[in-house]
Amino acid sequence: MSEEQDRLVRLAFSTAQWTEGILDSLPQPTVEGFMEGDPWLFLFRASLSRQAGALRVSGLAFAELGSAHLLAGLARKSFEEFVWLKYLHTLPVDRRRKVTHAFAAFELGTLAVGQMQTFGARYMRKIGFEKKFVDHLHESAKVARDELAAEAVSLGWPQGEDGKFSPPSISTLVSKVGLQSEYQDIYGASSRSVHFSVSDSLRRASISDVGVTIFDQSLSTFEQNCFTIDRQVSLISKLVLWVHSAVEEVELPTKERPIAEGQMYYNPGKATYLNVWDFAHLEP
């Protein structure tokens, strides 16, 4: 492994550890906090946890297989989490609680019904989903859908087909939270990794007088792997920096204000994608 490759792998793992240090400083989530308090805090913690794990997977994929480019979709998910967290935080607490709970019921009910249709009632019962319970989730999803349809009108979300509720697309929300340039970057560069692409598939083919040869080996480059890890580090850094500066409900550990002796902390002046290669401050 070259020095550049080693630095990229260490960047992924050290940023994951840095993120996990921040997670350790946050209050443990509770059912009461999600249902009666501010569910935004629960979503923020869940996003940090997922992104830390995704960075470790990306680092491992690059170190062992040189194939982190296959995980470019992880950067897209990180971006969507950032967009939604910023957007939900623009809503009053009562309203974002209502929207979050409605989305949870809507998605859970839709998923349960889809699984019932795919696998059948017998299988669902074996894994603990009795038909009565699935029916209950379905009815809850209908109520949540109507609630979200009403919210969509007042929040200015585009209406779905035939007036039915359809979740707002990320392209609809980015302008509301000022992340248009990041949207163009992440979605433009990752689109071929999450959608079928004829041109991308044909990069594995060589045509000559003899015939067509399909390459089995990876055609990824260091730059493609770099995109996957670099953008995940960029997004998690920007998310934390934004929370530090704009979200009063969350107190993060800093060098000047550690929460505990030896606590992992971040430095808002350095933990930024703009100097992603200067990552000595992230190393354990």
# chains A, B, ... in the order shown; residues from 1 in each chain; ligands from 1

call {"tool": "select_by_dssp", "arguments": {"residues": "stretch 91-208 of chain A", "states": "alpha helix (DSSP H)", "output": "PyMOL selection string"}}
result
chain A and resi 93-119+121-126+131-155+170-177+180-194+198-202

call {"tool": "closest_atom_pairs", "arguments": {"of": "stretch 5-108 of chain A", "to": "stretch 155-174 of chain A", "cutoff": "10 Å", "atoms": "only C-alpha atoms", "output": "tab-separated table"}}
result
residue	atom	partner	partner_atom	distance
A:Phe79	CA	A:Ile170	CA	9.3
A:Glu80	CA	A:Ile170	CA	6.8
A:Glu81	CA	A:Ile170	CA	9.9
A:Phe82	CA	A:Val174	CA	9.9
A:Val83	CA	A:Val174	CA	6.5
A:Trp84	CA	A:Leu173	CA	7.8
A:Lys86	CA	A:Val174	CA	9.5
A:Tyr87	CA	A:Leu173	CA	7.2
A:Leu91	CA	A:Leu155	CA	9.6
A:Phe103	CA	A:Pro167	CA	8.8

call {"tool": "residues_around", "arguments": {"residues": "A:Phe13", "least_positions_apart": "6", "cutoff": "12 Å", "atoms": "only C-alpha atoms", "output": "NGL selection string"}}
result
:A and (6-7 or 19-20 or 51-63 or 229 or 232-233 or 279 or 282-284)

call {"tool": "select_by_dssp", "arguments": {"residues": "stretch 16-241 of chain A", "states": "strand (DSSP E or B)", "output": "JSON, numbers by chain"}}
result
{"A": [205, 206, 207, 212, 213, 214]}

call {"tool": "residues_around", "arguments": {"residues": "A:Thr228", "least_positions_apart": "6", "cutoff": "8 Å", "atoms": "only C-alpha atoms", "output": "list in words"}}
result
Ser58, Ala68, His69, Leu71, Ala72, Leu74 and Ala75 of chain A

call {"tool": "residues_around", "arguments": {"residues": "A:Pro39", "least_positions_apart": "6", "cutoff": "12 Å", "atoms": "only C-alpha atoms", "output": "PyMOL selection string"}}
result
chain A and resi 29-33+45-46+85+88-89+92-104+249

call {"tool": "closest_residue", "arguments": {"among": "A:Ile127, A:Leu108, A:Val250, A:Val177", "to": "A:Ala144", "atoms": "only C-alpha atoms"}}
result
A:Leu108

call {"tool": "closest_residue", "arguments": {"among": "A:Gly73, A:Pro27, A:Gly21, A:Gly37", "to": "A:Ser191", "atoms": "only C-alpha atoms"}}
result
A:Gly73
